[in-house]
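Here is the file protein.cif (mmCIF, C-alpha atoms (C1' of nucleotides)).
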```cif
data_entry
loop_
_atom_site.label_atom_id
_atom_site.label_comp_id
_atom_site.auth_asym_id
_atom_site.auth_seq_id
_atom_site.Cartn_x
_atom_site.Cartn_y
_atom_site.Cartn_z
CA MET J 1 -42.78 124.73 216.34
CA SER J 2 -40.00 125.31 218.89
CA ASN J 3 -38.98 121.69 219.46
CA LEU J 4 -36.09 120.19 217.54
CA VAL J 5 -38.39 117.34 216.52
CA MET J 6 -42.05 118.29 216.44
CA THR J 7 -44.14 116.46 219.03
CA SER J 8 -46.88 115.64 216.53
CA ASP J 9 -44.28 113.89 214.36
CA GLN J 10 -43.03 111.93 217.34
CA ILE J 11 -46.61 110.89 218.09
CA LEU J 12 -47.12 109.79 214.48
CA ALA J 13 -43.81 107.92 214.46
CA SER J 14 -44.56 105.98 217.62
CA ALA J 15 -48.12 105.29 216.45
CA ARG J 16 -46.74 103.83 213.22
CA SER J 17 -44.33 101.68 215.17
CA PHE J 18 -47.16 100.39 217.37
CA ILE J 19 -49.52 99.75 214.45
CA VAL J 20 -46.80 97.95 212.50
CA SER J 21 -46.34 95.56 215.39
CA GLY J 22 -49.93 95.05 216.54
CA GLY J 23 -52.51 96.81 214.38
CA TYR J 24 -55.13 99.48 215.04
CA ASN J 25 -56.40 97.95 218.29
CA GLY J 26 -52.95 96.91 219.41
CA PHE J 27 -52.02 100.23 221.04
CA SER J 28 -53.51 103.01 223.15
CA TYR J 29 -52.95 106.72 223.77
CA ALA J 30 -51.29 105.68 227.03
CA ASP J 31 -48.73 103.60 225.09
CA ILE J 32 -47.83 106.55 222.87
CA ALA J 33 -47.66 108.90 225.85
CA GLY J 34 -45.17 106.55 227.47
CA VAL J 35 -42.88 106.54 224.44
CA VAL J 36 -43.10 110.24 223.52
CA GLY J 37 -42.80 111.37 227.13
CA ILE J 38 -45.95 113.51 227.39
CA ARG J 39 -49.30 112.92 229.08
CA LYS J 40 -52.18 111.06 227.48
CA ALA J 41 -54.35 114.18 227.33
CA SER J 42 -51.69 116.11 225.43
CA ILE J 43 -51.98 113.72 222.49
CA HIS J 44 -55.62 114.80 222.15
CA HIS J 45 -54.36 118.36 221.65
CA HIS J 46 -52.51 117.24 218.50
CA PHE J 47 -54.98 114.58 217.38
CA PRO J 48 -58.48 115.00 218.87
CA SER J 49 -59.33 111.32 218.38
CA LYS J 50 -57.58 108.05 217.61
CA VAL J 51 -59.28 108.04 214.21
CA ASP J 52 -57.77 111.48 213.45
CA LEU J 53 -54.34 110.22 214.43
CA VAL J 54 -54.39 107.08 212.31
CA ARG J 55 -56.10 108.77 209.34
CA THR J 56 -53.39 111.44 209.35
CA LEU J 57 -50.71 108.77 209.64
CA VAL J 58 -51.99 106.76 206.68
CA ALA J 59 -52.65 109.82 204.52
CA ARG J 60 -49.13 111.09 205.17
CA HIS J 61 -47.69 107.64 204.45
CA ARG J 62 -49.41 107.60 201.07
CA GLU J 63 -48.22 111.11 200.24
CA GLN J 64 -44.65 110.21 201.18
CA THR J 65 -44.88 107.04 199.11
CA GLU J 66 -46.18 108.96 196.09
CA ALA J 67 -43.41 111.53 196.46
CA GLY J 68 -40.82 108.80 196.99
CA MET J 69 -41.87 106.94 193.85
CA ALA J 70 -41.81 110.11 191.75
CA GLU J 71 -38.31 110.88 193.07
CA LEU J 72 -37.24 107.29 192.42
CA GLU J 73 -38.49 107.35 188.83
CA ARG J 74 -36.36 110.42 188.11
CA LYS J 75 -33.24 108.79 189.57
CA VAL J 76 -33.91 105.29 188.23
CA PRO J 77 -35.62 105.38 184.82
CA ASP J 78 -35.19 101.66 184.03
CA PRO J 79 -38.35 99.70 185.03
CA LEU J 80 -36.41 96.58 186.03
CA ALA J 81 -34.03 98.59 188.22
CA LEU J 82 -37.10 100.32 189.67
CA LEU J 83 -38.57 97.00 190.81
CA GLN J 84 -35.19 95.97 192.23
CA THR J 85 -34.88 99.26 194.13
CA TYR J 86 -38.43 99.00 195.45
CA ALA J 87 -37.89 95.43 196.63
CA GLY J 88 -34.47 96.38 197.99
CA TYR J 89 -35.94 99.24 199.99
CA TRP J 90 -38.28 96.89 201.84
CA ALA J 91 -35.59 94.24 202.19
CA LYS J 92 -33.43 96.81 203.99
CA CYS J 93 -36.30 98.06 206.19
CA ILE J 94 -37.14 94.50 207.22
CA GLU J 95 -33.58 93.34 207.73
CA ASP J 96 -32.48 96.28 209.91
CA ALA J 97 -35.91 96.16 211.64
CA THR J 98 -36.53 99.92 211.23
CA ILE J 99 -39.91 99.34 209.55
CA PRO J 100 -40.44 95.58 209.57
CA PHE J 101 -43.87 95.81 207.92
CA CYS J 102 -45.88 98.17 205.72
CA VAL J 103 -48.35 100.07 207.93
CA CYS J 104 -50.97 100.02 205.15
CA ALA J 105 -50.58 96.30 204.55
CA LEU J 106 -51.18 95.66 208.24
CA LEU J 107 -54.19 97.96 208.39
CA ALA J 108 -55.57 96.41 205.19
CA SER J 109 -55.60 93.01 206.87
CA GLU J 110 -58.03 94.32 209.51
CA LEU J 111 -59.93 96.51 207.07
CA PRO J 112 -63.45 95.24 207.87
CA ALA J 113 -63.01 96.30 211.52
CA LEU J 114 -61.38 99.66 210.78
CA PRO J 115 -63.13 103.03 211.25
CA PRO J 116 -64.39 104.06 207.76
CA GLU J 117 -62.25 107.24 207.71
CA VAL J 118 -59.12 105.11 208.09
CA ALA J 119 -60.32 102.40 205.69
CA VAL J 120 -60.75 104.99 202.92
CA GLU J 121 -57.12 106.09 203.27
CA VAL J 122 -55.83 102.51 203.27
CA ARG J 123 -57.73 101.75 200.06
CA ALA J 124 -56.29 104.90 198.50
CA TYR J 125 -52.77 103.63 199.27
CA PHE J 126 -53.47 100.32 197.53
CA GLY J 127 -55.04 102.18 194.62
CA PHE J 128 -51.93 104.26 194.15
CA LEU J 129 -49.60 101.26 194.45
CA SER J 130 -51.61 99.34 191.83
CA SER J 131 -51.62 102.14 189.31
CA TRP J 132 -47.95 102.97 189.83
CA LEU J 133 -46.77 99.35 189.44
CA THR J 134 -49.08 98.80 186.46
CA GLU J 135 -47.41 101.73 184.75
CA VAL J 136 -43.94 100.37 185.61
CA MET J 137 -44.88 96.96 184.19
CA ARG J 138 -46.37 98.48 181.04
CA ARG J 139 -43.30 100.61 180.41
CA GLY J 140 -40.97 97.68 181.16
CA ALA J 141 -42.74 95.49 178.60
CA GLU J 142 -42.75 98.31 176.06
CA LYS J 143 -39.00 98.86 176.48
CA GLY J 144 -38.37 95.12 176.42
CA VAL J 145 -36.67 94.96 179.84
CA LEU J 146 -39.59 93.15 181.51
CA GLN J 147 -41.35 90.02 180.26
CA PHE J 148 -44.65 88.46 181.32
CA ASP J 149 -47.55 86.62 179.68
CA GLY J 150 -50.67 88.48 180.83
CA SER J 151 -51.57 92.13 181.22
CA ALA J 152 -49.50 94.77 183.03
CA GLU J 153 -52.40 95.20 185.50
CA VAL J 154 -52.39 91.54 186.53
CA GLU J 155 -48.58 91.42 186.68
CA ALA J 156 -48.60 94.46 188.96
CA GLU J 157 -51.15 92.82 191.27
CA ILE J 158 -49.07 89.62 191.40
CA PHE J 159 -46.03 91.68 192.34
CA ILE J 160 -47.85 93.62 195.09
CA ALA J 161 -49.24 90.38 196.50
CA THR J 162 -45.79 88.78 196.51
CA VAL J 163 -44.22 91.77 198.31
CA HIS J 164 -46.87 91.89 201.05
CA GLY J 165 -46.98 88.11 201.37
CA ALA J 166 -43.20 88.00 201.67
CA MET J 167 -43.35 90.53 204.52
CA LEU J 168 -45.85 88.28 206.25
CA SER J 169 -43.78 85.13 205.76
CA ALA J 170 -40.61 86.86 206.96
CA ARG J 171 -42.47 87.93 210.11
CA ALA J 172 -44.19 84.56 210.65
CA CYS J 173 -40.95 82.63 210.27
CA GLY J 174 -38.94 85.17 212.27
CA ASN J 175 -36.53 85.24 209.34
CA PRO J 176 -35.98 88.70 207.76
CA ALA J 177 -33.82 87.16 205.00
CA LEU J 178 -36.88 85.28 203.73
CA PHE J 179 -38.24 88.51 202.21
CA ASP J 180 -35.22 88.84 199.93
CA ALA J 181 -35.20 85.10 199.24
CA ILE J 182 -38.72 85.49 197.81
CA LEU J 183 -38.31 88.84 196.03
CA THR J 184 -34.98 88.23 194.28
CA PRO J 185 -36.20 85.28 192.14
CA THR J 186 -39.54 87.08 191.63
CA VAL J 187 -37.83 90.11 190.09
CA ARG J 188 -35.40 87.92 188.14
CA ARG J 189 -38.31 86.04 186.58
CA LEU J 190 -39.68 89.35 185.23
CA SER J 191 -36.31 90.26 183.73
CA THR J 192 -35.58 89.62 180.06
CA LYS J 193 -31.85 89.30 180.81
CA ILE J 194 -30.54 85.75 180.51
CA HIS J 195 -30.68 84.00 183.85
CA MET K 1 -72.51 66.94 224.79
CA SER K 2 -76.29 67.20 224.46
CA ASN K 3 -76.47 70.20 222.10
CA LEU K 4 -76.85 69.65 218.37
CA VAL K 5 -73.89 71.95 217.82
CA MET K 6 -71.46 72.06 220.72
CA THR K 7 -71.27 75.49 222.36
CA SER K 8 -67.46 75.42 222.46
CA ASP K 9 -67.45 74.92 218.69
CA GLN K 10 -69.81 77.86 218.25
CA ILE K 11 -67.51 79.97 220.42
CA LEU K 12 -64.50 78.97 218.33
CA ALA K 13 -66.36 79.62 215.09
CA SER K 14 -67.45 83.11 216.08
CA ALA K 15 -63.99 83.88 217.48
CA ARG K 16 -62.46 82.89 214.13
CA SER K 17 -64.92 85.09 212.31
CA PHE K 18 -64.06 88.05 214.56
CA ILE K 19 -60.29 87.48 214.30
CA VAL K 20 -60.51 87.15 210.52
CA SER K 21 -62.16 90.54 210.34
CA GLY K 22 -60.24 92.48 212.99
CA GLY K 23 -57.41 90.51 214.60
CA TYR K 24 -56.65 89.41 218.14
CA ASN K 25 -57.50 92.74 219.78
CA GLY K 26 -60.45 93.38 217.49
CA PHE K 27 -63.00 91.42 219.53
CA SER K 28 -64.04 90.77 223.11
CA TYR K 29 -65.76 88.04 225.12
CA ALA K 30 -68.85 90.26 225.04
CA ASP K 31 -68.86 90.19 221.22
CA ILE K 32 -68.74 86.40 221.18
CA ALA K 33 -71.41 86.16 223.89
CA GLY K 34 -73.69 88.30 221.71
CA VAL K 35 -73.29 86.04 218.69
CA VAL K 36 -73.43 82.64 220.43
CA GLY K 37 -76.33 83.67 222.67
CA ILE K 38 -74.81 82.92 226.07
CA ARG K 39 -73.43 85.18 228.79
CA LYS K 40 -69.87 86.45 228.85
CA ALA K 41 -68.98 84.46 231.96
CA SER K 42 -70.08 81.20 230.33
CA ILE K 43 -67.33 81.53 227.74
CA HIS K 44 -64.80 81.40 230.58
CA HIS K 45 -66.24 78.00 231.48
CA HIS K 46 -65.20 76.65 228.07
CA PHE K 47 -62.02 78.73 227.65
CA PRO K 48 -60.64 80.12 230.94
CA SER K 49 -58.79 82.95 229.21
CA LYS K 50 -58.70 84.67 225.84
CA VAL K 51 -55.25 83.19 225.26
CA ASP K 52 -56.67 79.67 225.80
CA LEU K 53 -59.45 80.38 223.33
CA VAL K 54 -57.23 81.68 220.53
CA ARG K 55 -54.48 79.10 221.13
CA THR K 56 -57.08 76.33 220.84
CA LEU K 57 -58.52 77.95 217.73
CA VAL K 58 -55.16 78.19 215.96
CA ALA K 59 -54.03 74.72 217.05
CA ARG K 60 -57.27 73.21 215.77
CA HIS K 61 -56.98 75.17 212.52
CA ARG K 62 -53.53 73.71 211.95
CA GLU K 63 -54.71 70.19 212.74
CA GLN K 64 -57.64 70.55 210.34
CA THR K 65 -55.35 71.94 207.67
CA GLU K 66 -52.92 69.03 208.11
CA ALA K 67 -55.77 66.53 207.92
CA GLY K 68 -57.30 68.35 204.95
CA MET K 69 -54.03 68.32 203.02
CA ALA K 70 -53.49 64.61 203.71
CA GLU K 71 -57.03 63.88 202.51
CA LEU K 72 -56.50 66.10 199.46
CA GLU K 73 -53.28 64.33 198.52
CA ARG K 74 -55.09 60.98 198.48
CA LYS K 75 -57.86 62.32 196.25
CA VAL K 76 -55.65 64.50 194.05
CA PRO K 77 -52.24 62.91 193.51
CA ASP K 78 -51.09 65.30 190.74
CA PRO K 79 -49.00 68.19 192.21
CA LEU K 80 -50.28 70.74 189.68
CA ALA K 81 -53.91 69.82 190.34
CA LEU K 82 -53.08 70.02 194.05
CA LEU K 83 -51.96 73.64 193.72
CA GLN K 84 -55.04 74.42 191.65
CA THR K 85 -57.32 72.82 194.23
CA TYR K 86 -55.59 74.64 197.09
CA ALA K 87 -55.87 78.01 195.31
CA GLY K 88 -59.44 77.18 194.28
CA TYR K 89 -60.40 76.40 197.87
CA TRP K 90 -59.36 79.88 199.01
CA ALA K 91 -60.85 81.51 195.94
CA LYS K 92 -64.21 79.96 196.87
CA CYS K 93 -63.91 80.93 200.56
CA ILE K 94 -63.12 84.52 199.62
CA GLU K 95 -65.71 84.84 196.89
CA ASP K 96 -68.63 83.49 198.92
CA ALA K 97 -67.30 85.40 201.97
CA THR K 98 -67.51 82.35 204.27
CA ILE K 99 -63.85 82.68 205.33
CA PRO K 100 -62.56 85.79 203.56
CA PHE K 101 -59.08 85.53 205.12
CA CYS K 102 -56.78 82.93 206.66
CA VAL K 103 -56.93 83.28 210.45
CA CYS K 104 -53.24 82.41 210.76
CA ALA K 105 -52.21 84.92 208.10
CA LEU K 106 -54.03 87.65 209.99
CA LEU K 107 -52.56 86.65 213.34
CA ALA K 108 -49.09 86.41 211.76
CA SER K 109 -49.33 90.05 210.73
CA GLU K 110 -49.67 91.09 214.38
CA LEU K 111 -47.25 88.44 215.63
CA PRO K 112 -44.96 90.80 217.63
CA ALA K 113 -47.94 91.89 219.76
CA LEU K 114 -49.43 88.41 220.22
CA PRO K 115 -49.32 86.44 223.49
CA PRO K 116 -46.40 83.98 223.15
CA GLU K 117 -48.65 80.92 223.50
CA VAL K 118 -50.61 82.03 220.42
CA ALA K 119 -47.51 83.12 218.50
CA VAL K 120 -46.03 79.62 218.84
CA GLU K 121 -49.11 78.06 217.25
CA VAL K 122 -49.16 80.57 214.40
CA ARG K 123 -45.50 79.82 213.59
CA ALA K 124 -46.28 76.11 213.65
CA TYR K 125 -48.98 76.67 211.01
CA PHE K 126 -46.55 78.48 208.73
CA GLY K 127 -43.96 75.76 209.36
CA PHE K 128 -46.40 73.08 208.24
CA LEU K 129 -47.51 75.05 205.18
CA SER K 130 -43.89 75.58 204.09
CA SER K 131 -42.92 71.94 204.42
CA TRP K 132 -46.09 70.68 202.73
CA LEU K 133 -45.79 73.02 199.73
CA THR K 134 -42.04 72.35 199.44
CA GLU K 135 -42.84 68.65 199.14
CA VAL K 136 -45.55 69.35 196.53
CA MET K 137 -43.11 71.49 194.52
CA ARG K 138 -40.36 68.86 194.79
CA ARG K 139 -42.67 66.07 193.62
CA GLY K 140 -44.09 68.24 190.83
CA ALA K 141 -40.61 68.96 189.48
CA GLU K 142 -39.65 65.30 189.79
CA LYS K 143 -42.73 64.18 187.85
CA GLY K 144 -42.23 66.96 185.31
CA VAL K 145 -45.64 68.58 185.82
CA LEU K 146 -44.20 71.67 187.54
CA GLN K 147 -41.35 73.86 186.31
CA PHE K 148 -39.31 76.50 188.14
CA ASP K 149 -35.72 77.75 188.18
CA GLY K 150 -34.70 77.71 191.85
CA SER K 151 -35.19 75.25 194.67
CA ALA K 152 -38.50 73.69 195.72
CA GLU K 153 -38.16 75.46 199.10
CA VAL K 154 -37.95 78.94 197.54
CA GLU K 155 -40.74 78.18 195.06
CA ALA K 156 -42.96 77.06 197.94
CA GLU K 157 -42.24 80.29 199.85
CA ILE K 158 -43.04 82.38 196.76
CA PHE K 159 -46.32 80.53 196.38
CA ILE K 160 -47.29 81.00 200.05
CA ALA K 161 -46.44 84.71 199.86
CA THR K 162 -48.52 85.11 196.70
CA VAL K 163 -51.54 83.39 198.24
CA HIS K 164 -51.48 85.50 201.42
CA GLY K 165 -50.68 88.70 199.54
CA ALA K 166 -53.55 88.01 197.14
CA MET K 167 -55.92 87.66 200.10
CA LEU K 168 -54.73 91.02 201.36
CA SER K 169 -55.11 92.73 197.97
CA ALA K 170 -58.58 91.26 197.46
CA ARG K 171 -59.57 92.65 200.87
CA ALA K 172 -57.89 96.03 200.37
CA CYS K 173 -59.47 96.55 196.96
CA GLY K 174 -62.84 95.18 198.07
CA ASN K 175 -62.67 92.86 195.08
CA PRO K 176 -62.89 89.12 195.87
CA ALA K 177 -62.23 88.25 192.21
CA LEU K 178 -58.75 89.75 192.51
CA PHE K 179 -57.58 86.68 194.44
CA ASP K 180 -58.31 84.40 191.51
CA ALA K 181 -56.95 86.95 189.04
CA ILE K 182 -53.60 86.70 190.86
CA LEU K 183 -53.56 82.97 191.58
CA THR K 184 -54.64 81.63 188.18
CA PRO K 185 -51.64 83.04 186.25
CA THR K 186 -49.36 82.16 189.19
CA VAL K 187 -50.32 78.48 189.01
CA ARG K 188 -50.25 78.52 185.20
CA ARG K 189 -46.68 79.83 185.27
CA LEU K 190 -45.64 76.80 187.34
CA SER K 191 -47.29 74.40 184.89
CA THR K 192 -45.22 72.65 182.22
CA LYS K 193 -48.30 72.40 179.97
CA ILE K 194 -48.15 74.73 176.96
CA HIS K 195 -49.86 78.02 177.72
"C1'" DG D 1 -87.61 52.68 241.32
"C1'" DA D 2 -86.51 56.22 244.64
"C1'" DC D 3 -82.50 58.78 246.59
"C1'" DA D 4 -78.43 61.24 247.11
"C1'" DG D 5 -74.09 62.77 244.96
"C1'" DT D 6 -71.56 64.57 241.14
"C1'" DC D 7 -70.67 67.30 237.38
"C1'" DA D 8 -71.07 70.10 233.20
"C1'" DA D 9 -73.12 74.12 231.59
"C1'" DC D 10 -74.95 77.82 232.31
"C1'" DC D 11 -76.41 82.10 235.13
"C1'" DT D 12 -76.20 86.96 237.98
"C1'" DA D 13 -73.37 90.09 240.06
"C1'" DC D 14 -69.19 91.78 240.69
"C1'" DT D 15 -64.08 93.45 240.38
"C1'" DA D 16 -59.85 96.08 238.89
"C1'" DG D 17 -57.86 98.15 235.42
"C1'" DA D 18 -57.51 100.08 230.84
"C1'" DA D 19 -59.77 102.36 227.04
"C1'" DG D 20 -60.79 106.88 224.60
"C1'" DG D 21 -62.06 111.25 225.70
"C1'" DT D 22 -63.22 115.87 228.37
"C1'" DA D 23 -62.93 119.98 231.53
"C1'" DG D 24 -60.47 123.29 232.97
"C1'" DG D 25 -56.11 125.16 234.31
"C1'" DT D 26 -51.03 126.93 233.66
"C1'" DA D 27 -46.73 128.50 231.49
"C1'" DG D 28 -44.46 130.79 228.03
"C1'" DG D 29 -43.93 132.93 223.39
"C1'" DC D 30 -45.57 136.50 220.01
"C1'" DG Z 1 -54.33 139.53 225.21
"C1'" DC Z 2 -54.19 135.59 222.79
"C1'" DC Z 3 -52.55 131.23 221.27
"C1'" DT Z 4 -49.97 126.84 221.49
"C1'" DA Z 5 -48.56 123.21 224.10
"C1'" DC Z 6 -48.75 121.10 227.71
"C1'" DC Z 7 -50.65 119.69 232.50
"C1'" DT Z 8 -53.91 117.37 236.47
"C1'" DA Z 9 -58.05 115.40 237.43
"C1'" DC Z 10 -61.80 113.35 236.01
"C1'" DC Z 11 -65.57 110.79 233.22
"C1'" DT Z 12 -67.86 106.82 230.97
"C1'" DT Z 13 -67.50 102.66 228.86
"C1'" DC Z 14 -65.41 98.51 227.99
"C1'" DT Z 15 -61.97 94.90 229.14
"C1'" DA Z 16 -60.78 90.17 230.85
"C1'" DG Z 17 -61.58 87.68 234.60
"C1'" DT Z 18 -63.82 85.92 239.34
"C1'" DA Z 19 -67.15 84.35 242.97
"C1'" DG Z 20 -70.73 81.90 243.86
"C1'" DG Z 21 -75.33 80.14 242.80
"C1'" DT Z 22 -78.93 77.34 239.82
"C1'" DT Z 23 -80.35 73.81 236.78
"C1'" DG Z 24 -80.64 69.41 234.87
"C1'" DA Z 25 -78.64 65.20 233.21
"C1'" DC Z 26 -76.18 61.17 234.59
"C1'" DT Z 27 -74.35 58.24 238.16
"C1'" DG Z 28 -74.07 54.48 241.75
"C1'" DT Z 29 -76.58 52.59 245.85
"C1'" DC Z 30 -80.13 50.75 248.57
#
```
If you took the structure in this file and wrote it as structure tokens, what would it be?
Amino acid sequence: MSNLVMTSDQILASARSFIVSGGYNGFSYADIAGVVGIRKASIHHHFPSKVDLVRTLVARHREQTEAGMAELERKVPDPLALLQTYAGYWAKCIEDATIPFCVCALLASELPALPPEVAVEVRAYFGFLSSWLTEVMRRGAEKGVLQFDGSAEVEAEIFIATVHGAMLSARACGNPALFDAILTPTVRRLSTKIH
Amino acid sequence: MSNLVMTSDQILASARSFIVSGGYNGFSYADIAGVVGIRKASIHHHFPSKVDLVRTLVARHREQTEAGMAELERKVPDPLALLQTYAGYWAKCIEDATIPFCVCALLASELPALPPEVAVEVRAYFGFLSSWLTEVMRRGAEKGVLQFDGSAEVEAEIFIATVHGAMLSARACGNPALFDAILTPTVRRLSTKIH
DNA sequence: GACAGTCAACCTACTAGAAGGTAGGTAGGC
DNA sequence: GCCTACCTACCTTCTAGTAGGTTGACTGTC
């Protein structure tokens, strides 16, 4: 509790950074120890096992996302603006390379090989994202600011897929601007405003 | 040359299956040896290093994709039908669980942590996919069977992102049908036919 | 047709290093 | 006296990769 920045938070932060670049099996306790500046064994004091560490990381990421979305909805009530802000958040993270990928999207890609405790948390994140975006779509259609043919559920799933796919393409092409190039027309297409 | 199925092909096939489920660091030579039924050291005879193995795998995957697309274009000249066939191919692979994910999409997600020799091949795959789909979009708009607001390039990138994102969502939600639920309205939206 | 040489495809046995994890100790704060 | 946060030293298991040997099919040569 004495440190300016808690060690366990530093461990989680560097773990996220490693997972975002190479996945669950792409880093070791030794890697984290090197970054945080403590010994390998000390990480076990904070997180007894690697599974504990990553499960905590994903659970916290989901909680922060849920809190962030609730906060966002209070500040930005308009569903269209909400989608723009959400897409803009990721565009910024990718372009300034702070968080160039969603940790849950990366872990989801290797889901069949993930420890079950971690897999459960990753699925929970996707569950939340689906239900939140479905609600945004539903409300947008109701208010007349969003337009789409099918159901709000399907439209939400299309949007989630486009966001995660755009992250992947931006990474694969080594072109951070590609994310925005994909998301901007995607959001515009949902808008009822003349375009 | 004597075997009914060449051992090197079996090695590549099982490596692809392992990568598709857990990524580059999610399998070992011992895992492959167990599946193929030979000893670990014998894999080194066919592929001196893990990098050689995965580079060969990705390069071959790109070559097969290029050949498959060329073949497809001869059999299915209509750009809209082409998109439907492409989406349908993946829908089938995911639903019968033969290839539940694109090996290059998975490797792209861990691109920053990949050996450079493999990374180059993965980027080449995405480069081909972009140029092929851009050409399909361009021809579709020209013929009047596809409609979209922006450029063919951007529309192709949106389509690629949606396909890969849909794979991810289907995996994360443990629901293979989700892929088709996302792709069917996506292709329909591009169609000029009344819907 | 027998013989020797070559080579691909496997094998056993091994290595060094990295993996996650444990045992047990120390320093300092409450 | 106890607890948190760290440490050193160690363990077992797994990692990719190597050395060197065996087998059997194909070769050219006499």
(Q) When you look at region 163-177 of chain J with a cut-off of 6 Å (counting all atoms listed in the file), what residues show up, excluding the ones that are within fewer than 6 positions of it in the same chain? I need them as a ChimeraX atom specification. (A) /J:94-95 /K:108-109,123,161-162,164-165
Would you write out, as a short mmCIF file (atom, residue, chain, number, x, y, z; two decimals) with C-alpha atoms (C1' of nucleotides), keeping the file's coordinate frame, every residue that the PyMOL selection byres ((chain Z) within 10 of (chain J)) captures in this file?
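selection_20.cif, freshly written:
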```
data_model
loop_
_atom_site.label_atom_id
_atom_site.label_comp_id
_atom_site.auth_asym_id
_atom_site.auth_seq_id
_atom_site.Cartn_x
_atom_site.Cartn_y
_atom_site.Cartn_z
"C1'" DT Z 4 -49.97 126.84 221.49
"C1'" DA Z 5 -48.56 123.21 224.10
"C1'" DC Z 6 -48.75 121.10 227.71
"C1'" DC Z 7 -50.65 119.69 232.50
"C1'" DT Z 8 -53.91 117.37 236.47
#
```
Q.
Translate the PyMOL selection byres ((chain D and resi 16) around 12) into a concrete residue list for this structure, as a list in words.
A. DC14, DT15, DG17 and DA18 of chain D; DT15, DA16, DG17 and DT18 of chain Z
Same residues, C-alpha atoms (C1' of nucleotides), saved as an mmCIF file, in the frame of the given file:
```
data_model
loop_
_atom_site.group_PDB
_atom_site.id
_atom_site.type_symbol
_atom_site.label_atom_id
_atom_site.label_comp_id
_atom_site.auth_asym_id
_atom_site.auth_seq_id
_atom_site.Cartn_x
_atom_site.Cartn_y
_atom_site.Cartn_z
ATOM 1 C "C1'" DC D 14 -69.190 91.780 240.690
ATOM 2 C "C1'" DT D 15 -64.080 93.450 240.380
ATOM 3 C "C1'" DG D 17 -57.860 98.150 235.420
ATOM 4 C "C1'" DA D 18 -57.510 100.080 230.840
ATOM 5 C "C1'" DT Z 15 -61.970 94.900 229.140
ATOM 6 C "C1'" DA Z 16 -60.780 90.170 230.850
ATOM 7 C "C1'" DG Z 17 -61.580 87.680 234.600
ATOM 8 C "C1'" DT Z 18 -63.820 85.920 239.340
#
```
Please tabulate, as a Markdown table, the residues of chain D that come within 12 Å of chain J, each with its closest pair of atoms and the distance in Å to one decimal, counting all atoms listed in the file and ordering rows by chain, then residue number upward.
```
| residue | atom | partner | partner_atom | distance |
| --- | --- | --- | --- | --- |
| D:DA18 | C1' | J:Ser28 | CA | 9.1 |
| D:DA19 | C1' | J:Ser28 | CA | 7.4 |
| D:DG20 | C1' | J:Lys50 | CA | 7.8 |
| D:DG21 | C1' | J:Ser49 | CA | 7.8 |
| D:DT22 | C1' | J:Ala41 | CA | 9.1 |
| D:DA23 | C1' | J:Ala41 | CA | 11.2 |
| D:DG28 | C1' | J:Ser2 | CA | 11.6 |
| D:DG29 | C1' | J:Ser2 | CA | 9.7 |
```
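The interatomic distance for the pair C1' of DC14 (chain Z) and CA of Gly26 (chain K) works out to 12.7 Å.
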**Q.** 12 Å contact set for Cys93 (chain J), all atoms listed in the file, chain neighbours under 3 positions out, as a ChimeraX atom specification
**A.** /J:86-90,96-102,167,176-177,179-180
Q: Evaluate the PyMOL selection byres ((chain K and resi 66-78) around 9) on the structure here and hand back the selected residues as a ChimeraX atom specification.
A: /K:61-65,79-83,85-86,128-129,132,136,139-140,143,145
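Of the listed residues (J:Ala105, J:Val51, J:Val120, J:Leu190), J:Leu190 comes nearest to Gln147 (chain J); the distances count only C-alpha atoms.
You will find CA of Thr186 (chain J) at 14.4 Å from CA of Asp149 (chain J).
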Q: Excluding DC7 (chain D) and residues on its chain fewer than 2 positions from it, collect all residues at most 12 Å away from it, counting only C-alpha atoms (C1' of nucleotides), and give them as a list of chain:residue names.
A: D:DG5, D:DA9, Z:DT23, Z:DG24, Z:DA25, Z:DC26, Z:DT27
**Q.** Point-to-point distance from CA of Gln84 (chain J) to CA of Glu142 (chain J), Å rounded to tenths
**A.**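 It comes out at 18.0 Å.
Residue nearest chain J, chosen from K:Arg189, K:Glu135, K:Ala113, K:Ile19 and counting only C-alpha atoms: K:Ala113.
Nearest to chain K of all the residues J:Asp52, J:Val187, J:Ala13, J:Gly150 is J:Gly150, counting only C-alpha atoms.
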Q. Taking into account only C-alpha atoms, which residue in the set K:Val118, K:Leu146, K:Leu106, K:Leu57 is nearest to chain J?
A.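 Looking at the shortest contact to chain J, the residue is K:Leu106.
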